[in-house]
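K.L.:
What follows is the file query-v8.cif, containing mmCIF, C-alpha atoms:
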data_work
#
loop_
_atom_site.group_PDB
_atom_site.id
_atom_site.type_symbol
_atom_site.label_atom_id
_atom_site.label_comp_id
_atom_site.auth_asym_id
_atom_site.auth_seq_id
_atom_site.Cartn_x
_atom_site.Cartn_y
_atom_site.Cartn_z
ATOM 1 C CA MET A 2 6.598 -28.237 -42.295
ATOM 2 C CA ASN A 3 2.884 -28.548 -41.532
ATOM 3 C CA LYS A 4 2.812 -32.289 -42.049
ATOM 4 C CA HIS A 5 2.574 -34.785 -39.205
ATOM 5 C CA PRO A 6 2.734 -32.407 -36.210
ATOM 6 C CA LEU A 7 1.978 -35.229 -33.770
ATOM 7 C CA LEU A 8 4.869 -37.320 -35.100
ATOM 8 C CA ARG A 9 7.173 -34.326 -34.685
ATOM 9 C CA ALA A 10 5.825 -33.784 -31.173
ATOM 10 C CA TYR A 11 6.602 -37.399 -30.302
ATOM 11 C CA LEU A 12 10.145 -37.111 -31.662
ATOM 12 C CA ALA A 13 10.740 -33.835 -29.821
ATOM 13 C CA GLY A 14 9.497 -35.464 -26.620
ATOM 14 C CA ILE A 15 11.706 -38.540 -26.707
ATOM 15 C CA ALA A 16 14.879 -36.635 -27.640
ATOM 16 C CA LEU A 17 16.024 -35.457 -24.216
ATOM 17 C CA PRO A 18 15.469 -38.680 -22.195
ATOM 18 C CA THR A 19 16.982 -40.728 -25.038
ATOM 19 C CA VAL A 20 20.170 -38.680 -24.914
ATOM 20 C CA PHE A 21 20.195 -38.682 -21.120
ATOM 21 C CA LEU A 22 19.730 -42.461 -21.172
ATOM 22 C CA LEU A 23 23.362 -42.775 -22.239
ATOM 23 C CA VAL A 24 24.385 -41.160 -18.949
ATOM 24 C CA VAL A 25 22.009 -43.312 -16.923
ATOM 25 C CA MET A 26 23.078 -46.537 -18.635
ATOM 26 C CA THR A 27 26.751 -45.693 -18.194
ATOM 27 C CA GLY A 28 26.162 -45.028 -14.501
ATOM 28 C CA TYR A 29 24.233 -48.253 -14.025
ATOM 29 C CA THR A 30 26.869 -50.278 -15.894
ATOM 30 C CA VAL A 31 29.685 -48.824 -13.806
ATOM 31 C CA ILE A 32 27.779 -49.428 -10.565
ATOM 32 C CA ARG A 33 26.864 -52.998 -11.474
ATOM 33 C CA TYR A 34 29.948 -54.343 -13.246
ATOM 34 C CA VAL A 35 32.839 -52.081 -12.220
ATOM 35 C CA VAL A 36 31.984 -51.285 -8.611
ATOM 36 C CA ASN A 37 30.233 -54.701 -8.340
ATOM 37 C CA VAL A 38 27.267 -53.451 -6.356
ATOM 38 C CA PRO A 39 25.171 -56.590 -5.688
ATOM 39 C CA ILE A 40 21.868 -55.134 -6.872
ATOM 40 C CA PRO A 41 20.238 -56.792 -9.927
ATOM 41 C CA VAL A 42 19.530 -53.493 -11.648
ATOM 42 C CA GLU A 43 19.196 -55.156 -15.038
ATOM 43 C CA ARG A 44 15.842 -56.581 -13.952
ATOM 44 C CA VAL A 45 14.282 -53.138 -13.771
ATOM 45 C CA ILE A 46 16.416 -51.268 -16.279
ATOM 46 C CA VAL A 47 13.662 -51.721 -18.859
ATOM 47 C CA PHE A 48 11.703 -48.912 -17.223
ATOM 48 C CA PRO A 49 14.170 -46.046 -17.824
ATOM 49 C CA MET A 50 15.270 -47.637 -21.114
ATOM 50 C CA ALA A 51 11.932 -48.057 -22.808
ATOM 51 C CA ALA A 52 9.037 -46.690 -20.816
ATOM 52 C CA VAL A 53 10.370 -43.267 -19.821
ATOM 53 C CA PRO A 54 11.422 -41.965 -23.288
ATOM 54 C CA ASN A 55 8.177 -43.221 -24.782
ATOM 55 C CA ALA A 56 6.227 -41.607 -21.967
ATOM 56 C CA TRP A 57 7.945 -38.286 -22.742
ATOM 57 C CA GLY A 58 7.107 -38.638 -26.442
ATOM 58 C CA LEU A 59 3.497 -39.529 -25.793
ATOM 59 C CA TRP A 60 3.178 -36.750 -23.185
ATOM 60 C CA ASN A 61 4.400 -34.168 -25.704
ATOM 61 C CA LEU A 62 2.067 -35.661 -28.301
ATOM 62 C CA LEU A 63 -0.843 -35.273 -25.868
ATOM 63 C CA TYR A 64 0.214 -31.682 -25.218
ATOM 64 C CA GLN A 65 0.197 -30.905 -28.929
ATOM 65 C CA ALA A 66 -3.140 -32.639 -29.421
ATOM 66 C CA PHE A 67 -5.014 -31.191 -26.454
ATOM 67 C CA GLY A 68 -2.955 -28.881 -24.253
ATOM 68 C CA GLN A 69 -1.548 -26.350 -26.684
ATOM 69 C CA ARG A 70 -4.876 -25.236 -28.069
ATOM 70 C CA ARG A 71 -6.094 -24.685 -24.499
ATOM 71 C CA ASP A 72 -3.027 -22.530 -23.720
ATOM 72 C CA TRP A 73 -1.727 -24.892 -21.073
ATOM 73 C CA SER A 74 1.813 -24.234 -19.889
ATOM 74 C CA LEU A 75 4.240 -26.743 -21.393
ATOM 75 C CA GLY A 76 6.400 -26.584 -18.259
ATOM 76 C CA LEU A 77 3.520 -27.354 -15.923
ATOM 77 C CA PHE A 78 2.208 -30.060 -18.245
ATOM 78 C CA GLY A 79 5.610 -31.744 -18.364
ATOM 79 C CA GLY A 80 6.128 -31.142 -14.660
ATOM 80 C CA SER A 81 3.103 -33.282 -13.894
ATOM 81 C CA LEU A 82 4.558 -36.304 -15.694
ATOM 82 C CA PRO A 83 6.406 -37.619 -12.568
ATOM 83 C CA LEU A 84 3.006 -38.083 -10.953
ATOM 84 C CA LEU A 85 2.491 -40.882 -13.493
ATOM 85 C CA LEU A 86 6.076 -42.094 -13.798
ATOM 86 C CA ALA A 87 6.742 -42.500 -10.073
ATOM 87 C CA PRO A 88 3.904 -44.982 -9.488
ATOM 88 C CA GLY A 89 4.763 -46.631 -12.815
ATOM 89 C CA GLY A 90 8.362 -47.137 -11.804
ATOM 90 C CA TYR A 91 7.315 -48.494 -8.431
ATOM 91 C CA LEU A 92 4.853 -50.857 -10.131
ATOM 92 C CA VAL A 93 7.627 -52.233 -12.355
ATOM 93 C CA THR A 94 9.827 -52.935 -9.331
ATOM 94 C CA ARG A 95 6.932 -54.759 -7.639
ATOM 95 C CA LEU A 96 6.053 -56.805 -10.724
ATOM 96 C CA LEU A 97 9.674 -57.877 -11.181
ATOM 97 C CA ASN A 98 10.203 -58.598 -7.467
ATOM 98 C CA PHE A 99 12.944 -55.993 -7.223
ATOM 99 C CA SER A 100 13.479 -55.065 -3.603
ATOM 100 C CA VAL A 101 13.650 -51.315 -3.237
ATOM 101 C CA PRO A 102 15.819 -50.139 -0.324
ATOM 102 C CA PRO A 103 13.536 -48.787 2.435
ATOM 103 C CA GLU A 104 15.501 -45.538 2.546
ATOM 104 C CA VAL A 105 14.031 -44.679 -0.840
ATOM 105 C CA PHE A 106 10.549 -44.472 0.650
ATOM 106 C CA HIS A 107 11.796 -42.148 3.389
ATOM 107 C CA PHE A 108 12.894 -39.692 0.719
ATOM 108 C CA ALA A 109 9.777 -40.075 -1.441
ATOM 109 C CA PRO A 110 8.083 -36.902 -0.065
ATOM 110 C CA PHE A 111 11.150 -34.944 -1.228
ATOM 111 C CA ALA A 112 11.825 -36.910 -4.399
ATOM 112 C CA VAL A 113 8.482 -36.271 -6.088
ATOM 113 C CA PRO A 114 8.545 -32.452 -5.742
ATOM 114 C CA VAL A 115 12.205 -32.352 -6.803
ATOM 115 C CA ALA A 116 11.396 -34.520 -9.827
ATOM 116 C CA MET A 117 8.456 -32.267 -10.693
ATOM 117 C CA ILE A 118 10.678 -29.172 -10.499
ATOM 118 C CA LEU A 119 13.370 -30.728 -12.701
ATOM 119 C CA TYR A 120 10.760 -31.964 -15.163
ATOM 120 C CA TYR A 121 9.132 -28.514 -15.226
ATOM 121 C CA LEU A 122 12.452 -26.891 -16.114
ATOM 122 C CA ALA A 123 13.402 -29.582 -18.652
ATOM 123 C CA TRP A 124 10.056 -29.370 -20.405
ATOM 124 C CA LYS A 125 9.850 -25.605 -20.359
ATOM 125 C CA TYR A 126 13.306 -25.027 -21.818
ATOM 126 C CA PHE A 127 14.523 -28.161 -23.636
ATOM 127 C CA VAL A 128 11.304 -29.686 -24.965
ATOM 128 C CA GLY A 129 9.941 -26.191 -25.626
ATOM 129 C CA PHE A 130 13.069 -25.372 -27.629
ATOM 130 C CA LEU A 131 12.729 -28.580 -29.670
ATOM 131 C CA ASN A 132 9.035 -27.921 -30.272
ATOM 132 C CA THR A 133 9.906 -24.453 -31.564
ATOM 133 C CA GLU A 134 12.674 -25.774 -33.779
ATOM 134 C CA LEU A 135 10.339 -28.387 -35.270
ATOM 135 C CA GLY A 136 7.663 -25.790 -35.941
ATOM 136 C CA ILE A 137 5.014 -27.142 -33.588
ATOM 137 C CA ALA A 138 5.250 -24.645 -30.731
ATOM 138 C CA MET B 65 7.151 -23.789 -88.756
ATOM 139 C CA SER B 66 6.113 -20.864 -90.905
ATOM 140 C CA GLU B 67 6.530 -17.225 -89.987
ATOM 141 C CA GLY B 68 2.806 -16.897 -89.306
ATOM 142 C CA GLU B 69 2.802 -19.884 -86.997
ATOM 143 C CA VAL B 70 5.738 -18.429 -85.053
ATOM 144 C CA HIS B 71 3.873 -15.160 -84.585
ATOM 145 C CA GLU B 72 0.745 -17.014 -83.565
ATOM 146 C CA MET B 73 2.733 -19.092 -81.021
ATOM 147 C CA LYS B 74 4.334 -15.919 -79.665
ATOM 148 C CA ARG B 75 0.939 -14.266 -79.299
ATOM 149 C CA LEU B 76 -0.491 -17.306 -77.529
ATOM 150 C CA LEU B 77 2.433 -17.500 -75.117
ATOM 151 C CA GLN B 78 2.229 -13.809 -74.305
ATOM 152 C CA SER B 79 -1.466 -14.071 -73.651
ATOM 153 C CA ALA B 80 -1.074 -17.169 -71.461
ATOM 154 C CA VAL B 81 1.829 -16.026 -69.283
ATOM 155 C CA ARG B 82 1.215 -13.013 -67.086
ATOM 156 C CA PRO B 83 3.884 -10.309 -67.182
ATOM 157 C CA ALA B 84 6.274 -10.509 -64.240
ATOM 158 C CA GLY B 85 5.698 -6.872 -63.313
ATOM 159 C CA GLU B 86 7.657 -5.531 -60.308
ATOM 160 C CA THR B 87 10.345 -8.034 -59.369
ATOM 161 C CA GLU B 88 12.200 -5.926 -56.806
ATOM 162 C CA LEU B 89 11.499 -6.376 -53.082
ATOM 163 C CA SER B 90 9.267 -3.674 -51.684
ATOM 164 C CA ARG B 91 11.367 -3.473 -48.501
ATOM 165 C CA ASP B 92 14.533 -4.789 -46.898
ATOM 166 C CA LEU B 93 13.802 -8.113 -45.183
ATOM 167 C CA TRP B 94 16.999 -8.252 -43.110
ATOM 168 C CA PRO B 95 15.801 -6.038 -40.196
ATOM 169 C CA THR B 96 12.759 -8.288 -39.814
ATOM 170 C CA MET B 97 15.038 -11.318 -39.769
ATOM 171 C CA VAL B 98 17.283 -9.722 -37.143
ATOM 172 C CA SER B 99 14.331 -8.847 -34.911
ATOM 173 C CA ARG B 100 12.992 -12.390 -35.216
ATOM 174 C CA MET B 101 16.376 -13.850 -34.260
ATOM 175 C CA SER B 102 16.643 -11.549 -31.257
ATOM 176 C CA ARG B 103 13.170 -12.618 -30.090
ATOM 177 C CA GLN B 104 14.408 -16.212 -29.794
ATOM 178 C CA GLU B 105 16.726 -15.350 -26.890
ATOM 179 C CA VAL B 106 15.822 -17.425 -23.863
ATOM 180 C CA LYS B 107 14.834 -15.307 -20.880
ATOM 181 C CA VAL B 108 14.787 -17.215 -17.627
ATOM 182 C CA PRO B 109 12.507 -15.676 -14.983
ATOM 183 C CA TRP B 110 13.775 -15.391 -11.409
ATOM 184 C CA TRP B 111 11.399 -18.033 -10.038
ATOM 185 C CA ASP B 112 12.907 -20.636 -12.372
ATOM 186 C CA TRP B 113 16.333 -19.853 -10.908
ATOM 187 C CA VAL B 114 14.823 -20.263 -7.426
ATOM 188 C CA LEU B 115 13.323 -23.635 -8.393
ATOM 189 C CA LEU B 116 16.621 -24.800 -9.879
ATOM 190 C CA ALA B 117 18.507 -23.700 -6.762
ATOM 191 C CA GLY B 118 15.981 -25.446 -4.507
ATOM 192 C CA ALA B 119 16.174 -28.686 -6.471
ATOM 193 C CA SER B 120 19.971 -28.557 -6.500
ATOM 194 C CA LEU B 121 20.034 -27.939 -2.749
ATOM 195 C CA ALA B 122 17.695 -30.885 -2.154
ATOM 196 C CA LEU B 123 19.908 -33.164 -4.256
ATOM 197 C CA TRP B 124 22.965 -31.945 -2.357
ATOM 198 C CA LEU B 125 21.352 -32.480 1.054
ATOM 199 C CA PHE B 126 19.793 -35.840 0.114
ATOM 200 C CA PRO B 127 22.091 -37.609 -2.374
ATOM 201 C CA ALA B 128 19.928 -40.727 -2.106
ATOM 202 C CA LEU B 129 17.440 -38.890 -4.305
ATOM 203 C CA VAL B 130 19.789 -39.033 -7.283
ATOM 204 C CA PRO B 131 19.423 -42.767 -8.175
ATOM 205 C CA ALA B 132 15.639 -42.539 -7.794
ATOM 206 C CA LEU B 133 15.550 -39.545 -10.121
ATOM 207 C CA LEU B 134 17.843 -41.188 -12.651
ATOM 208 C CA TYR B 135 15.564 -44.204 -12.647
ATOM 209 C CA HIS B 136 12.669 -41.988 -13.727
ATOM 210 C CA LEU B 137 14.512 -40.026 -16.409
#
Go ahead and render the structure in this file as structure tokens.

P.N.:
Amino acid sequence: MNKHPLLRAYLAGIALPTVFLLVVMTGYTVIRYVVNVPIPVERVIVFPMAAVPNAWGLWNLLYQAFGQRRDWSLGLFGGSLPLLLAPGGYLVTRLLNFSVPPEVFHFAPFAVPVAMILYYLAWKYFVGFLNTELGIA
Amino acid sequence: MSEGEVHEMKRLLQSAVRPAGETELSRDLWPTMVSRMSRQEVKVPWWDWVLLAGASLALWLFPALVPALLYHL
């Protein structure tokens, strides 16, 4: 069990968002094709589909490589990930000319702290549990 | 194989392989296993409950946050 700890860290990191992606994709599909909401979500769906799970995996890999030996808190480390993902997601919408409703920006001061709290809890309990189970905690 | 060769082979094997000695466990390992399993119980501190309640309240008060959060998860 001491082989490839970084690979196991990556796999433990991508597990939760990959599972949750099923929920997100189902929601998006229902909104777009059942409720017929006229928003071309498929143009920006690549971000939650590909970038976010990989970002989680790489973030956990970075934690194993650098953070764990410095006794950093896994929850706080994971909780800081939205500070990278939020601008990344916004950048994707700009690059793909996806018009974000202006109301979203009104809620941004609330959204980022809420995302950081949820990420903190998810990383502390779910990713921490997976890291322990895979013998890399 | 002659009788002498068998004895010689037996002597060589006995000299090469160390006697097993004490094969019984020196102590019962189950209590250690039980204590290790009980250590794995998740204990959630009160401030994590406060954070979860605050985040849930924010999502309830501002439902527009939900799609933005789903987009980043």

K.L.:
Taking all atoms listed in the file into account, report as a list of chain:residue names which residues of chain B lie within 10 Å of chain A.

P.N.:
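Every residue meeting the condition is included here: B:Gln104, B:Val106, B:Lys107, B:Val108, B:Asp112, B:Trp113, B:Leu115, B:Leu116, B:Gly118, B:Ala119, B:Ser120, B:Leu121, B:Ala122, B:Leu123, B:Phe126, B:Pro127, B:Ala128, B:Leu129, B:Val130, B:Pro131, B:Ala132, B:Leu133, B:Leu134, B:Tyr135, B:His136, B:Leu137.
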
K.L.:
Take atom CA of Met101 of chain B and atom CA of Gly136 of chain A and report the distance between them in Å, one decimal.

P.N.:
14.9 Å

K.L.:
If the PyMOL selection byres ((chain A and resi 128) around 12) were run on this exact file, what residues would it hold? Put them as an MDAnalysis selection string.

P.N.:
chainID A and resid 9:18 57:58 60:62 64:65 75:76 78:80 120:127 129:135 137:138

K.L.:
For the selection just defined, write its residues with C-alpha atoms to a file, as a CSV table (one decimal), keeping the file's coordinate frame.

P.N.:
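Resulting contents of again_1.csv:
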chain,number,residue,atom,x,y,z
A,9,ARG,CA,7.2,-34.3,-34.7
A,10,ALA,CA,5.8,-33.8,-31.2
A,11,TYR,CA,6.6,-37.4,-30.3
A,12,LEU,CA,10.1,-37.1,-31.7
A,13,ALA,CA,10.7,-33.8,-29.8
A,14,GLY,CA,9.5,-35.5,-26.6
A,15,ILE,CA,11.7,-38.5,-26.7
A,16,ALA,CA,14.9,-36.6,-27.6
A,17,LEU,CA,16.0,-35.5,-24.2
A,18,PRO,CA,15.5,-38.7,-22.2
A,57,TRP,CA,7.9,-38.3,-22.7
A,58,GLY,CA,7.1,-38.6,-26.4
A,60,TRP,CA,3.2,-36.8,-23.2
A,61,ASN,CA,4.4,-34.2,-25.7
A,62,LEU,CA,2.1,-35.7,-28.3
A,64,TYR,CA,0.2,-31.7,-25.2
A,65,GLN,CA,0.2,-30.9,-28.9
A,75,LEU,CA,4.2,-26.7,-21.4
A,76,GLY,CA,6.4,-26.6,-18.3
A,78,PHE,CA,2.2,-30.1,-18.2
A,79,GLY,CA,5.6,-31.7,-18.4
A,80,GLY,CA,6.1,-31.1,-14.7
A,120,TYR,CA,10.8,-32.0,-15.2
A,121,TYR,CA,9.1,-28.5,-15.2
A,122,LEU,CA,12.5,-26.9,-16.1
A,123,ALA,CA,13.4,-29.6,-18.7
A,124,TRP,CA,10.1,-29.4,-20.4
A,125,LYS,CA,9.8,-25.6,-20.4
A,126,TYR,CA,13.3,-25.0,-21.8
A,127,PHE,CA,14.5,-28.2,-23.6
A,129,GLY,CA,9.9,-26.2,-25.6
A,130,PHE,CA,13.1,-25.4,-27.6
A,131,LEU,CA,12.7,-28.6,-29.7
A,132,ASN,CA,9.0,-27.9,-30.3
A,133,THR,CA,9.9,-24.5,-31.6
A,134,GLU,CA,12.7,-25.8,-33.8
A,135,LEU,CA,10.3,-28.4,-35.3
A,137,ILE,CA,5.0,-27.1,-33.6
A,138,ALA,CA,5.2,-24.6,-30.7

K.L.:
Report, in Å with one decimal, the straight-line distance from atom CA of Leu97 of chain A to atom CA of Val42 of chain A.

P.N.:
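Interatomic distance, atom CA of Leu97 of chain A to atom CA of Val42 of chain A: 10.8 Å.
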
K.L.:
Rounded to one decimal, what separation in Å do you get between atom CA of Glu69 of chain B and atom CA of Gly85 of chain B?

P.N.:
27.2 Å
